$ cat run.txt   # compact mmCIF, C-alpha atoms
# COMPACT_ATOMS: atom_id res chain seq x y z
CA MET I 10 65.61 -92.78 -56.64
CA GLU I 11 62.95 -90.29 -57.45
CA THR I 12 60.86 -88.21 -55.10
CA THR I 13 57.46 -87.26 -56.45
CA ILE I 14 56.75 -83.64 -55.62
CA PRO I 15 52.97 -83.28 -55.64
CA MET I 16 51.34 -80.58 -57.74
CA LYS I 17 49.89 -77.84 -55.57
CA ILE I 18 46.70 -76.04 -56.61
CA SER I 19 45.45 -72.75 -55.17
CA GLY I 20 41.80 -73.92 -55.27
CA ARG I 21 41.06 -74.42 -51.57
CA ASN I 22 38.36 -77.10 -51.71
CA LYS I 23 39.32 -80.67 -52.59
CA LEU I 24 36.73 -83.35 -51.85
CA ASN I 25 37.48 -87.00 -52.59
CA GLY I 26 34.78 -89.37 -53.74
CA ILE I 27 33.59 -92.14 -56.03
CA VAL I 28 31.78 -91.44 -59.32
CA THR I 29 28.17 -92.61 -59.04
CA ASN I 30 26.59 -91.16 -62.18
CA ILE I 31 27.62 -89.63 -65.53
CA VAL I 32 25.32 -87.79 -67.97
CA PRO I 33 27.20 -87.11 -71.21
CA GLY I 34 25.83 -84.32 -73.43
CA ILE I 35 27.24 -82.80 -76.62
CA VAL I 36 29.42 -80.00 -75.22
CA THR I 37 29.17 -80.65 -71.49
CA ALA I 38 28.82 -83.65 -69.17
CA GLU I 39 27.48 -84.01 -65.65
CA VAL I 40 29.48 -86.06 -63.16
CA GLU I 41 28.09 -87.00 -59.74
CA MET I 42 30.32 -88.21 -56.90
CA ASP I 43 29.59 -89.74 -53.50
CA ILE I 44 31.92 -88.03 -51.01
CA GLY I 45 30.76 -90.04 -47.99
CA ASN I 46 28.83 -88.98 -44.93
CA GLY I 47 25.63 -88.90 -47.02
CA ASN I 48 26.98 -86.08 -49.20
CA SER I 49 27.32 -85.95 -52.97
CA VAL I 50 28.99 -83.44 -55.29
CA THR I 51 27.84 -82.80 -58.87
CA GLY I 52 29.95 -81.02 -61.45
CA VAL I 53 29.41 -79.96 -65.05
CA ILE I 54 32.59 -80.18 -67.12
CA THR I 55 33.25 -80.27 -70.86
CA LYS I 56 32.54 -83.53 -72.67
CA ARG I 57 36.14 -83.38 -73.80
CA SER I 58 37.48 -83.34 -70.26
CA LEU I 59 35.25 -86.31 -69.47
CA GLU I 60 36.91 -88.16 -72.34
CA ASP I 61 40.47 -86.91 -71.72
CA LEU I 62 40.33 -87.96 -68.07
CA GLN I 63 38.43 -91.15 -69.04
CA ILE I 64 36.06 -90.66 -66.14
CA ARG I 65 33.93 -93.77 -65.49
CA GLN I 66 31.44 -94.88 -62.83
CA GLY I 67 33.30 -96.15 -59.78
CA ASP I 68 36.39 -94.00 -60.41
CA GLU I 69 38.02 -92.23 -57.48
CA LEU I 70 38.06 -88.50 -58.19
CA THR I 71 38.74 -85.27 -56.34
CA ALA I 72 36.30 -82.41 -56.79
CA LEU I 73 38.14 -79.06 -56.97
CA ILE I 74 36.19 -75.92 -56.06
CA LYS I 75 37.58 -72.36 -55.83
CA ALA I 76 36.63 -70.60 -52.57
CA THR I 77 35.13 -67.64 -54.46
CA SER I 78 32.53 -70.03 -55.96
CA VAL I 79 31.13 -71.02 -52.56
CA MET I 80 28.05 -69.32 -51.09
CA PHE I 81 26.48 -69.95 -47.68
CA ILE I 82 22.88 -70.49 -46.59
CA LYS I 83 21.77 -69.93 -43.00
CA ASP I 84 18.35 -71.23 -41.97
CA MET Z 12 -1.97 -73.86 -39.31
CA GLU Z 13 0.78 -72.95 -41.63
CA THR Z 14 2.75 -75.21 -43.91
CA THR Z 15 6.28 -74.06 -44.59
CA ILE Z 16 7.09 -74.56 -48.26
CA PRO Z 17 10.88 -74.74 -48.48
CA MET Z 18 12.73 -72.50 -50.87
CA LYS Z 19 14.22 -74.47 -53.74
CA ILE Z 20 17.53 -73.43 -55.27
CA SER Z 21 18.90 -74.64 -58.62
CA GLY Z 22 22.49 -74.84 -57.29
CA ARG Z 23 23.02 -78.59 -57.08
CA ASN Z 24 25.57 -78.83 -54.28
CA LYS Z 25 24.48 -78.22 -50.69
CA LEU Z 26 26.88 -79.34 -47.98
CA ASN Z 27 25.98 -78.89 -44.31
CA GLY Z 28 28.61 -78.10 -41.72
CA ILE Z 29 29.76 -76.13 -38.70
CA VAL Z 30 31.75 -72.89 -39.02
CA THR Z 31 35.28 -73.46 -37.70
CA ASN Z 32 37.08 -70.30 -38.78
CA ILE Z 33 36.31 -66.77 -40.05
CA VAL Z 34 38.80 -64.31 -41.53
CA PRO Z 35 37.12 -60.92 -42.00
CA GLY Z 36 38.73 -58.55 -44.51
CA ILE Z 37 37.57 -55.15 -45.78
CA VAL Z 38 35.46 -56.18 -48.80
CA THR Z 39 35.51 -59.97 -48.49
CA ALA Z 40 35.61 -62.55 -45.70
CA GLU Z 41 36.74 -66.16 -45.60
CA VAL Z 42 34.52 -68.72 -43.90
CA GLU Z 43 35.68 -72.28 -43.20
CA MET Z 44 33.27 -75.09 -42.37
CA ASP Z 45 33.76 -78.65 -41.13
CA ILE Z 46 31.41 -80.86 -43.19
CA GLY Z 47 32.32 -84.07 -41.38
CA ASN Z 48 34.14 -87.15 -42.62
CA GLY Z 49 37.42 -85.21 -42.36
CA ASN Z 50 36.34 -82.74 -45.03
CA SER Z 51 36.17 -78.96 -44.84
CA VAL Z 52 34.77 -76.34 -47.21
CA THR Z 53 36.12 -72.79 -47.46
CA GLY Z 54 34.23 -69.95 -49.09
CA VAL Z 55 35.00 -66.30 -49.79
CA ILE Z 56 31.91 -64.10 -49.54
CA THR Z 57 31.43 -60.35 -49.13
CA LYS Z 58 32.06 -58.88 -45.68
CA ARG Z 59 28.52 -57.53 -45.89
CA SER Z 60 27.00 -60.99 -46.33
CA LEU Z 61 29.05 -62.17 -43.34
CA GLU Z 62 27.44 -59.39 -41.31
CA ASP Z 63 23.93 -59.72 -42.80
CA LEU Z 64 23.83 -63.44 -42.07
CA GLN Z 65 25.59 -62.86 -38.72
CA ILE Z 66 27.86 -65.84 -39.36
CA ARG Z 67 29.81 -66.84 -36.24
CA GLN Z 68 32.09 -69.72 -35.24
CA GLY Z 69 30.02 -72.78 -34.34
CA ASP Z 70 27.08 -71.81 -36.57
CA GLU Z 71 25.41 -74.47 -38.68
CA LEU Z 72 25.59 -73.43 -42.33
CA THR Z 73 24.99 -74.95 -45.74
CA ALA Z 74 27.59 -74.37 -48.44
CA LEU Z 75 25.94 -73.80 -51.83
CA ILE Z 76 28.00 -74.52 -54.95
CA LYS Z 77 26.80 -74.36 -58.57
CA ALA Z 78 27.67 -77.49 -60.58
CA THR Z 79 29.43 -75.42 -63.29
CA SER Z 80 31.95 -74.28 -60.63
CA VAL Z 81 33.14 -77.83 -59.91
CA MET Z 82 36.22 -79.30 -61.58
CA PHE Z 83 37.60 -82.82 -61.19
CA ILE Z 84 41.12 -84.14 -60.59
CA LYS Z 85 42.09 -87.72 -61.42
CA ASP Z 86 45.40 -89.02 -60.08
CA MET G 9 1.41 -71.60 -34.53
CA GLU G 10 4.53 -71.62 -36.59
CA THR G 11 6.74 -68.74 -37.58
CA THR G 12 8.49 -69.18 -40.91
CA ILE G 13 12.10 -68.08 -40.59
CA PRO G 14 13.29 -67.25 -44.08
CA MET G 15 16.40 -68.88 -45.43
CA LYS G 16 19.23 -66.39 -45.81
CA ILE G 17 21.74 -66.74 -48.64
CA SER G 18 25.11 -64.98 -48.85
CA GLY G 19 24.78 -64.40 -52.63
CA ARG G 20 24.15 -60.65 -52.77
CA ASN G 21 22.13 -60.35 -55.98
CA LYS G 22 18.52 -61.50 -56.01
CA LEU G 23 16.41 -60.36 -58.95
CA ASN G 24 12.75 -61.33 -59.19
CA GLY G 25 11.08 -62.01 -62.50
CA ILE G 26 8.82 -64.11 -64.69
CA VAL G 27 10.13 -66.96 -66.86
CA THR G 28 9.73 -66.04 -70.54
CA ASN G 29 11.70 -68.76 -72.28
CA ILE G 30 13.23 -72.19 -71.58
CA VAL G 31 15.68 -74.09 -73.81
CA PRO G 32 16.17 -77.62 -72.44
CA GLY G 33 19.35 -79.42 -73.54
CA ILE G 34 20.75 -82.78 -72.45
CA VAL G 35 22.92 -81.75 -69.47
CA THR G 36 22.07 -78.07 -69.18
CA ALA G 37 19.05 -75.82 -69.77
CA GLU G 38 18.73 -72.12 -70.49
CA VAL G 39 16.13 -70.11 -68.57
CA GLU G 40 15.26 -66.52 -69.48
CA MET G 41 13.40 -64.21 -67.10
CA ASP G 42 11.83 -60.78 -67.52
CA ILE G 43 12.83 -58.72 -64.46
CA GLY G 44 10.89 -55.63 -65.46
CA ASN G 45 12.11 -52.21 -66.52
CA GLY G 46 13.03 -53.65 -69.93
CA ASN G 47 15.64 -55.96 -68.41
CA SER G 48 15.97 -59.71 -68.74
CA VAL G 49 18.23 -62.22 -67.01
CA THR G 50 19.36 -65.49 -68.62
CA GLY G 51 20.83 -68.39 -66.67
CA VAL G 52 22.22 -71.77 -67.62
CA ILE G 53 21.49 -74.42 -65.00
CA THR G 54 21.54 -78.22 -65.07
CA LYS G 55 18.65 -79.96 -66.81
CA ARG G 56 18.09 -81.79 -63.51
CA SER G 57 17.60 -78.56 -61.58
CA LEU G 58 15.12 -77.43 -64.24
CA GLU G 59 13.16 -80.62 -63.59
CA ASP G 60 13.59 -80.66 -59.80
CA LEU G 61 12.34 -77.08 -59.50
CA GLN G 62 9.70 -77.77 -62.19
CA ILE G 63 10.47 -74.44 -63.84
CA ARG G 64 7.86 -73.50 -66.45
CA GLN G 65 7.10 -70.44 -68.60
CA GLY G 66 5.24 -67.85 -66.55
CA ASP G 67 6.72 -69.00 -63.22
CA GLU G 68 7.89 -66.40 -60.73
CA LEU G 69 11.57 -66.98 -59.99
CA THR G 70 14.43 -65.21 -58.27
CA ALA G 71 17.78 -65.09 -60.05
CA LEU G 72 20.65 -65.52 -57.58
CA ILE G 73 24.06 -64.16 -58.58
CA LYS G 74 27.21 -64.10 -56.41
CA ALA G 75 28.90 -60.67 -56.32
CA THR G 76 32.25 -62.14 -57.45
CA SER G 77 30.57 -63.18 -60.74
CA VAL G 78 29.66 -59.60 -61.68
CA MET G 79 31.87 -57.50 -63.98
CA PHE G 80 31.34 -53.87 -65.00
CA ILE G 81 31.51 -52.13 -68.37
CA LYS G 82 32.02 -48.37 -68.66
CA ASP G 83 31.47 -46.76 -72.05
CA MET O 3 62.19 -97.29 -60.37
CA GLU O 4 59.18 -95.10 -60.08
CA THR O 5 57.00 -93.71 -62.80
CA THR O 6 55.33 -90.41 -61.96
CA ILE O 7 51.75 -90.44 -63.20
CA PRO O 8 50.75 -86.81 -63.65
CA MET O 9 47.61 -85.49 -62.02
CA LYS O 10 44.94 -84.74 -64.60
CA ILE O 11 42.55 -81.83 -64.09
CA SER O 12 39.29 -81.28 -65.97
CA GLY O 13 39.84 -77.50 -66.19
CA ARG O 14 40.65 -77.03 -69.88
CA ASN O 15 42.84 -73.93 -69.78
CA LYS O 16 46.38 -74.18 -68.44
CA LEU O 17 48.68 -71.27 -69.22
CA ASN O 18 52.30 -71.31 -68.06
CA GLY O 19 54.08 -68.15 -66.99
CA ILE O 20 56.35 -66.29 -64.60
CA VAL O 21 54.97 -64.32 -61.63
CA THR O 22 55.61 -60.60 -62.19
CA ASN O 23 53.58 -59.01 -59.40
CA ILE O 24 51.85 -59.93 -56.14
CA VAL O 25 49.41 -57.76 -54.16
CA PRO O 26 48.66 -59.41 -50.80
CA GLY O 27 45.46 -58.33 -49.04
CA ILE O 28 43.82 -59.63 -45.88
CA VAL O 29 41.58 -62.39 -47.28
CA THR O 30 42.60 -62.40 -50.94
CA ALA O 31 45.76 -61.77 -52.96
CA GLU O 32 46.31 -60.74 -56.57
CA VAL O 33 48.92 -62.59 -58.61
CA GLU O 34 50.01 -61.41 -62.05
CA MET O 35 51.88 -63.67 -64.47
CA ASP O 36 53.64 -63.02 -67.78
CA ILE O 37 52.60 -65.83 -70.15
CA GLY O 38 54.77 -64.64 -73.06
CA ASN O 39 53.76 -63.22 -76.42
CA GLY O 40 52.93 -59.90 -74.73
CA ASN O 41 50.14 -61.50 -72.69
CA SER O 42 49.63 -61.50 -68.94
CA VAL O 43 47.16 -63.33 -66.70
CA THR O 44 45.95 -61.96 -63.37
CA GLY O 45 44.23 -64.08 -60.73
CA VAL O 46 42.70 -63.37 -57.34
CA ILE O 47 43.18 -66.26 -54.91
CA THR O 48 42.94 -66.53 -51.13
CA LYS O 49 45.82 -65.10 -49.10
CA ARG O 50 46.11 -68.55 -47.57
CA SER O 51 46.68 -70.23 -50.93
CA LEU O 52 49.34 -67.61 -51.69
CA GLU O 53 51.10 -68.64 -48.48
CA ASP O 54 50.49 -72.41 -48.81
CA LEU O 55 51.93 -72.43 -52.34
CA GLN O 56 54.65 -69.97 -51.28
CA ILE O 57 54.12 -67.98 -54.48
CA ARG O 58 56.89 -65.42 -55.05
CA GLN O 59 57.91 -63.05 -57.85
CA GLY O 60 59.81 -64.96 -60.53
CA ASP O 61 58.12 -68.30 -59.78
CA GLU O 62 56.96 -70.48 -62.65
CA LEU O 63 53.22 -71.09 -62.31
CA THR O 64 50.38 -72.47 -64.37
CA ALA O 65 47.13 -70.52 -64.48
CA LEU O 66 44.12 -72.87 -64.41
CA ILE O 67 40.82 -71.59 -65.84
CA LYS O 68 37.59 -73.57 -66.25
CA ALA O 69 36.08 -73.26 -69.75
CA THR O 70 32.72 -72.11 -68.35
CA SER O 71 34.49 -69.01 -66.92
CA VAL O 72 35.63 -67.80 -70.37
CA MET O 73 33.65 -65.20 -72.33
CA PHE O 74 34.41 -63.89 -75.82
CA ILE O 75 34.51 -60.37 -77.25
CA LYS O 76 34.20 -59.72 -80.99
CA ASP O 77 35.04 -56.23 -82.25
CA MET C 12 35.45 -36.13 -86.95
CA GLU C 13 34.59 -38.74 -84.43
CA THR C 14 36.76 -40.19 -81.71
CA THR C 15 35.96 -43.74 -80.77
CA ILE C 16 36.03 -44.09 -76.99
CA PRO C 17 36.69 -47.75 -76.33
CA MET C 18 34.45 -49.68 -73.98
CA LYS C 19 36.26 -50.53 -70.79
CA ILE C 20 35.56 -53.80 -68.99
CA SER C 21 36.56 -54.61 -65.40
CA GLY C 22 37.47 -58.23 -66.29
CA ARG C 23 41.27 -58.12 -66.08
CA ASN C 24 42.22 -60.85 -68.54
CA LYS C 25 41.87 -60.23 -72.25
CA LEU C 26 43.64 -62.66 -74.56
CA ASN C 27 43.49 -62.21 -78.34
CA GLY C 28 43.42 -65.16 -80.67
CA ILE C 29 42.03 -66.93 -83.71
CA VAL C 30 39.13 -69.40 -83.50
CA THR C 31 40.39 -72.90 -84.34
CA ASN C 32 37.44 -75.09 -83.39
CA ILE C 33 33.72 -74.79 -82.56
CA VAL C 34 31.51 -77.52 -81.04
CA PRO C 35 27.88 -76.40 -81.11
CA GLY C 36 25.52 -78.12 -78.68
CA ILE C 37 21.85 -77.43 -77.88
CA VAL C 38 22.19 -74.90 -75.04
CA THR C 39 25.95 -74.34 -74.97
CA ALA C 40 28.81 -74.26 -77.46
CA GLU C 41 32.55 -74.78 -77.06
CA VAL C 42 34.91 -72.34 -78.77
CA GLU C 43 38.66 -72.95 -78.97
CA MET C 44 41.12 -70.18 -79.80
CA ASP C 45 44.84 -70.19 -80.61
CA ILE C 46 46.39 -67.31 -78.65
CA GLY C 47 49.92 -67.82 -80.01
CA ASN C 48 53.08 -68.98 -78.25
CA GLY C 49 51.72 -72.56 -78.33
CA ASN C 50 48.80 -71.64 -76.05
CA SER C 51 45.09 -72.13 -76.63
CA VAL C 52 42.04 -70.97 -74.72
CA THR C 53 38.73 -72.88 -74.65
CA GLY C 54 35.46 -71.35 -73.54
CA VAL C 55 31.92 -72.65 -73.12
CA ILE C 56 29.30 -70.02 -73.95
CA THR C 57 25.60 -70.21 -74.76
CA LYS C 58 24.66 -71.42 -78.23
CA ARG C 59 22.76 -68.14 -78.57
CA SER C 60 25.87 -66.04 -77.97
CA LEU C 61 27.69 -68.13 -80.58
CA GLU C 62 24.94 -67.22 -83.06
CA ASP C 63 24.53 -63.58 -81.96
CA LEU C 64 28.25 -62.92 -82.32
CA GLN C 65 28.35 -65.08 -85.48
CA ILE C 66 31.55 -66.74 -84.29
CA ARG C 67 33.20 -68.77 -87.05
CA GLN C 68 36.51 -70.63 -87.49
CA GLY C 69 39.29 -68.18 -88.32
CA ASP C 70 37.61 -65.24 -86.54
CA GLU C 71 39.72 -62.94 -84.40
CA LEU C 72 38.31 -62.94 -80.87
CA THR C 73 39.30 -61.77 -77.42
CA ALA C 74 38.84 -64.16 -74.50
CA LEU C 75 37.62 -62.31 -71.40
CA ILE C 76 38.30 -63.90 -68.01
CA LYS C 77 37.53 -62.40 -64.57
CA ALA C 78 40.51 -62.53 -62.18
CA THR C 79 38.45 -64.33 -59.51
CA SER C 80 38.03 -67.26 -61.96
CA VAL C 81 41.78 -67.90 -62.19
CA MET C 82 43.52 -70.52 -60.03
CA PHE C 83 47.24 -71.31 -59.93
CA ILE C 84 49.15 -74.59 -60.00
CA LYS C 85 52.73 -74.85 -58.73
CA ASP C 86 54.69 -77.99 -59.57
CA MET H 28 33.80 -40.35 -91.51
CA GLU H 29 34.03 -43.20 -89.15
CA THR H 30 31.40 -45.72 -88.15
CA THR H 31 31.77 -47.07 -84.66
CA ILE H 32 31.16 -50.80 -84.67
CA PRO H 33 30.14 -51.73 -81.15
CA MET H 34 32.05 -54.40 -79.29
CA LYS H 35 29.98 -57.56 -78.84
CA ILE H 36 30.40 -59.69 -75.74
CA SER H 37 29.19 -63.27 -75.31
CA GLY H 38 28.14 -62.68 -71.68
CA ARG H 39 24.34 -62.69 -71.97
CA ASN H 40 23.37 -60.45 -69.07
CA LYS H 41 23.93 -56.70 -69.35
CA LEU H 42 22.14 -54.54 -66.79
CA ASN H 43 22.48 -50.75 -66.88
CA GLY H 44 22.52 -48.69 -63.73
CA ILE H 45 23.96 -45.90 -61.62
CA VAL H 46 26.72 -46.50 -59.05
CA THR H 47 25.32 -45.90 -55.55
CA ASN H 48 28.10 -47.21 -53.32
CA ILE H 49 31.78 -48.19 -53.51
CA VAL H 50 33.77 -50.06 -50.84
CA PRO H 51 37.46 -50.09 -51.78
CA GLY H 52 39.62 -52.78 -50.16
CA ILE H 53 43.26 -53.70 -50.75
CA VAL H 54 42.93 -56.29 -53.54
CA THR H 55 39.22 -56.11 -54.28
CA ALA H 56 36.48 -53.47 -54.27
CA GLU H 57 32.70 -53.72 -53.97
CA VAL H 58 30.55 -51.68 -56.35
CA GLU H 59 26.78 -51.34 -55.90
CA MET H 60 24.51 -50.15 -58.69
CA ASP H 61 20.85 -49.14 -58.80
CA ILE H 62 19.35 -50.75 -61.92
CA GLY H 63 15.88 -49.27 -61.46
CA ASN H 64 12.60 -50.95 -60.61
CA GLY H 65 13.76 -51.27 -56.98
CA ASN H 66 16.60 -53.60 -57.96
CA SER H 67 20.29 -53.26 -57.22
CA VAL H 68 23.32 -55.21 -58.43
CA THR H 69 26.51 -55.62 -56.38
CA GLY H 70 29.80 -56.77 -57.85
CA VAL H 71 33.24 -57.49 -56.43
CA ILE H 72 36.03 -56.56 -58.84
CA THR H 73 39.76 -55.96 -58.40
CA LYS H 74 40.80 -52.66 -56.82
CA ARG H 75 42.89 -52.13 -59.95
CA SER H 76 39.87 -52.37 -62.25
CA LEU H 77 38.07 -49.87 -60.03
CA GLU H 78 40.96 -47.47 -60.57
CA ASP H 79 41.52 -48.25 -64.27
CA LEU H 80 37.85 -47.66 -65.07
CA GLN H 81 37.79 -44.70 -62.64
CA ILE H 82 34.46 -45.86 -61.25
CA ARG H 83 32.83 -43.20 -59.05
CA GLN H 84 29.45 -42.77 -57.32
CA GLY H 85 26.86 -41.58 -59.82
CA ASP H 86 28.60 -43.17 -62.82
CA GLU H 87 26.51 -45.00 -65.41
CA LEU H 88 27.75 -48.57 -65.67
CA THR H 89 26.67 -51.85 -67.20
CA ALA H 90 26.86 -54.98 -65.07
CA LEU H 91 28.02 -57.97 -67.15
CA ILE H 92 27.10 -61.45 -65.91
CA LYS H 93 27.79 -64.76 -67.68
CA ALA H 94 24.69 -66.99 -67.91
CA THR H 95 26.52 -69.92 -66.27
CA SER H 96 26.90 -67.79 -63.10
CA VAL H 97 23.14 -67.40 -62.64
CA MET H 98 21.17 -69.70 -60.29
CA PHE H 99 17.41 -69.68 -59.70
CA ILE H 100 15.34 -69.79 -56.52
CA LYS H 101 11.70 -70.91 -56.54
CA ASP H 102 9.64 -70.27 -53.42
$ encode --input "run.txt" --output "structure tokens"
Amino acid sequence: METTIPMKISGRNKLNGIVTNIVPGIVTAEVEMDIGNGNSVTGVITKRSLEDLQIRQGDELTALIKATSVMFIKD
Amino acid sequence: METTIPMKISGRNKLNGIVTNIVPGIVTAEVEMDIGNGNSVTGVITKRSLEDLQIRQGDELTALIKATSVMFIKD
Amino acid sequence: METTIPMKISGRNKLNGIVTNIVPGIVTAEVEMDIGNGNSVTGVITKRSLEDLQIRQGDELTALIKATSVMFIKD
Amino acid sequence: METTIPMKISGRNKLNGIVTNIVPGIVTAEVEMDIGNGNSVTGVITKRSLEDLQIRQGDELTALIKATSVMFIKD
Amino acid sequence: METTIPMKISGRNKLNGIVTNIVPGIVTAEVEMDIGNGNSVTGVITKRSLEDLQIRQGDELTALIKATSVMFIKD
Amino acid sequence: METTIPMKISGRNKLNGIVTNIVPGIVTAEVEMDIGNGNSVTGVITKRSLEDLQIRQGDELTALIKATSVMFIKD
């Protein structure tokens, strides 16, 4: 019997959601996800990654964001 | 009477939340936010920005993330 | 009477300028700004942000750059 | 019998190596890896990720780098 | 006689390689390099930089990656 | 006689200035530059790069910023 040891990634932010929109370009592609609670997350990845991961509308994905890429706004 | 025209920022991802934890360092500081729905967002900013914005536990903040900083994981 | 409280952003670098050139692509768009003193700043944002902010040649914009994205060269 | 379906990540660059040096700070930590062929890769992650992943000298790790973070120099 | 003082860049990761593939888009371009030891590095730069540096298949290039852009995966 | 062929870097933004302030931490260091015209640029680099490049107050430096790291604000 095999135990699956999950891959651990140092990137601190992992947000699960459902793909709601894809805009494929030539080099890059935009992927938009609904993460619930009225929030969405949009990412720009390479067209190749879009194809390699076979990302399609309705897919469950996890957005991965490094903490050093996050800024804060205070009103 | 004055109409407030809101500042518009090109960064596509804006996630509202409440500051739950702050780790101040020498140059940088880590800020963790609860964005609801069981999700949290952690950012590393400069210590100076932490002080300039006077970020404190319980504050309402918006996390700002550029779309090119977002990756996706598919299980 | 209303007092406008300005939005505060943790990103440390804010450079004001005038848009001198726009290259719209499919997913992304390149925006070039003259920030005076013989300097220009070029950014690549999503095509959607270009449209949402209605960025046009001659517009006054502020470039926003997180300190962790800045490198230094010494000759 | 169980088949392990590997996690797929859109980040295009994955470089395997052995941890050769760790500098822990307060908020961040520097991790240096030998990726063979005389090359090394250095990353700055949060101190918390260092602890969560229990990264130690001699560990086998994979460096993950998004394609939009890569620049090129031509002599 | 002249001594060439090399330019020094704060970006910690410099990986030398040979260009194996180029995908030119409208705004951006993807460049893939073989860095030896079975490893490759892919970067997305502006189409303009591709043209300014006259990057072509077979060119020797150095990939430059800031340490804060590097994440780590532990299996 | 030797001709120095300058290094060319794909990062589109190069801003020259004079170092006005340095905050050294454990892993990272903050460097602030005056780029003229009332503008300053602040970067966070590794402490090691600060030492390797021997960056000191008053030094002439060039800030290097990839176009994909630039956002825009429109008031």
$ interface_residues --input "run.txt" --of "chain H" --to "chain G" --cutoff "8 Å" --atoms "all atoms listed in the file" --output "list in words"
Arg39, Asn40, Leu42, Gly63, Asn64, Asn66, Ser67, Val68, Thr69, Gly70, Val71, Ile72, Leu80, Glu87, Leu88, Thr89, Ala90, Leu91, Ile92, Lys93, Ala94, Thr95, Ser96, Val97, Met98, Phe99, Ile100, Lys101 and Asp102 of chain H
$ calpha_fit_and_write --input "run.txt" --fixed "chain H" --moving "chain G" --output "tab-separated table (two decimals) with C-alpha atoms, in the frame of the given file"
chain	number	residue	atom	x	y	z
G	9	MET	CA	33.68	-40.33	-91.54
G	10	GLU	CA	33.95	-43.18	-89.15
G	11	THR	CA	31.35	-45.74	-88.20
G	12	THR	CA	31.67	-47.05	-84.66
G	13	ILE	CA	31.19	-50.81	-84.67
G	14	PRO	CA	30.15	-51.77	-81.16
G	15	MET	CA	32.08	-54.42	-79.31
G	16	LYS	CA	30.03	-57.58	-78.85
G	17	ILE	CA	30.44	-59.70	-75.73
G	18	SER	CA	29.21	-63.28	-75.31
G	19	GLY	CA	28.15	-62.68	-71.67
G	20	ARG	CA	24.36	-62.68	-71.97
G	21	ASN	CA	23.38	-60.43	-69.06
G	22	LYS	CA	23.94	-56.70	-69.34
G	23	LEU	CA	22.15	-54.53	-66.79
G	24	ASN	CA	22.50	-50.75	-66.88
G	25	GLY	CA	22.52	-48.68	-63.73
G	26	ILE	CA	23.97	-45.89	-61.62
G	27	VAL	CA	26.72	-46.49	-59.04
G	28	THR	CA	25.33	-45.89	-55.54
G	29	ASN	CA	28.10	-47.20	-53.33
G	30	ILE	CA	31.78	-48.19	-53.50
G	31	VAL	CA	33.77	-50.06	-50.82
G	32	PRO	CA	37.47	-50.08	-51.77
G	33	GLY	CA	39.60	-52.79	-50.14
G	34	ILE	CA	43.24	-53.71	-50.72
G	35	VAL	CA	42.92	-56.30	-53.52
G	36	THR	CA	39.21	-56.11	-54.27
G	37	ALA	CA	36.46	-53.47	-54.26
G	38	GLU	CA	32.70	-53.71	-53.95
G	39	VAL	CA	30.55	-51.68	-56.35
G	40	GLU	CA	26.78	-51.34	-55.90
G	41	MET	CA	24.50	-50.13	-58.70
G	42	ASP	CA	20.85	-49.13	-58.81
G	43	ILE	CA	19.34	-50.75	-61.92
G	44	GLY	CA	15.89	-49.27	-61.46
G	45	ASN	CA	12.60	-50.94	-60.61
G	46	GLY	CA	13.76	-51.26	-56.99
G	47	ASN	CA	16.61	-53.59	-57.96
G	48	SER	CA	20.30	-53.25	-57.23
G	49	VAL	CA	23.32	-55.21	-58.43
G	50	THR	CA	26.51	-55.62	-56.38
G	51	GLY	CA	29.81	-56.77	-57.85
G	52	VAL	CA	33.23	-57.47	-56.42
G	53	ILE	CA	36.02	-56.57	-58.83
G	54	THR	CA	39.75	-55.97	-58.38
G	55	LYS	CA	40.80	-52.67	-56.82
G	56	ARG	CA	42.90	-52.14	-59.96
G	57	SER	CA	39.88	-52.39	-62.25
G	58	LEU	CA	38.07	-49.89	-60.02
G	59	GLU	CA	40.97	-47.49	-60.57
G	60	ASP	CA	41.52	-48.28	-64.26
G	61	LEU	CA	37.85	-47.68	-65.06
G	62	GLN	CA	37.80	-44.71	-62.64
G	63	ILE	CA	34.46	-45.87	-61.25
G	64	ARG	CA	32.83	-43.21	-59.06
G	65	GLN	CA	29.46	-42.76	-57.33
G	66	GLY	CA	26.87	-41.57	-59.83
G	67	ASP	CA	28.61	-43.16	-62.83
G	68	GLU	CA	26.54	-44.99	-65.42
G	69	LEU	CA	27.77	-48.57	-65.66
G	70	THR	CA	26.68	-51.84	-67.21
G	71	ALA	CA	26.87	-54.97	-65.07
G	72	LEU	CA	28.03	-57.96	-67.14
G	73	ILE	CA	27.11	-61.44	-65.89
G	74	LYS	CA	27.80	-64.75	-67.68
G	75	ALA	CA	24.70	-66.99	-67.91
G	76	THR	CA	26.54	-69.92	-66.26
G	77	SER	CA	26.91	-67.77	-63.10
G	78	VAL	CA	23.15	-67.39	-62.63
G	79	MET	CA	21.16	-69.68	-60.31
G	80	PHE	CA	17.40	-69.67	-59.73
G	81	ILE	CA	15.33	-69.80	-56.55
G	82	LYS	CA	11.69	-70.90	-56.57
G	83	ASP	CA	9.63	-70.30	-53.45
$ axis_aligned_box --input "run.txt" --around "segment 67-78 of chain H" --padding-each-side "8 Å" --output "JSON"
{"center_x": 31.6, "center_y": -52.5, "center_z": -59.3, "size_x": 38.6, "size_y": 26.0, "size_z": 21.9}
$ atom_distance --input "run.txt" --atom1 "atom CA of Thr47 of chain H" --atom2 "atom CA of Ile20 of chain Z"
28.6 Å
$ atom_distance --input "run.txt" --atom1 "atom CA of Ile31 of chain I" --atom2 "atom CA of Gln66 of chain I"
7.0 Å
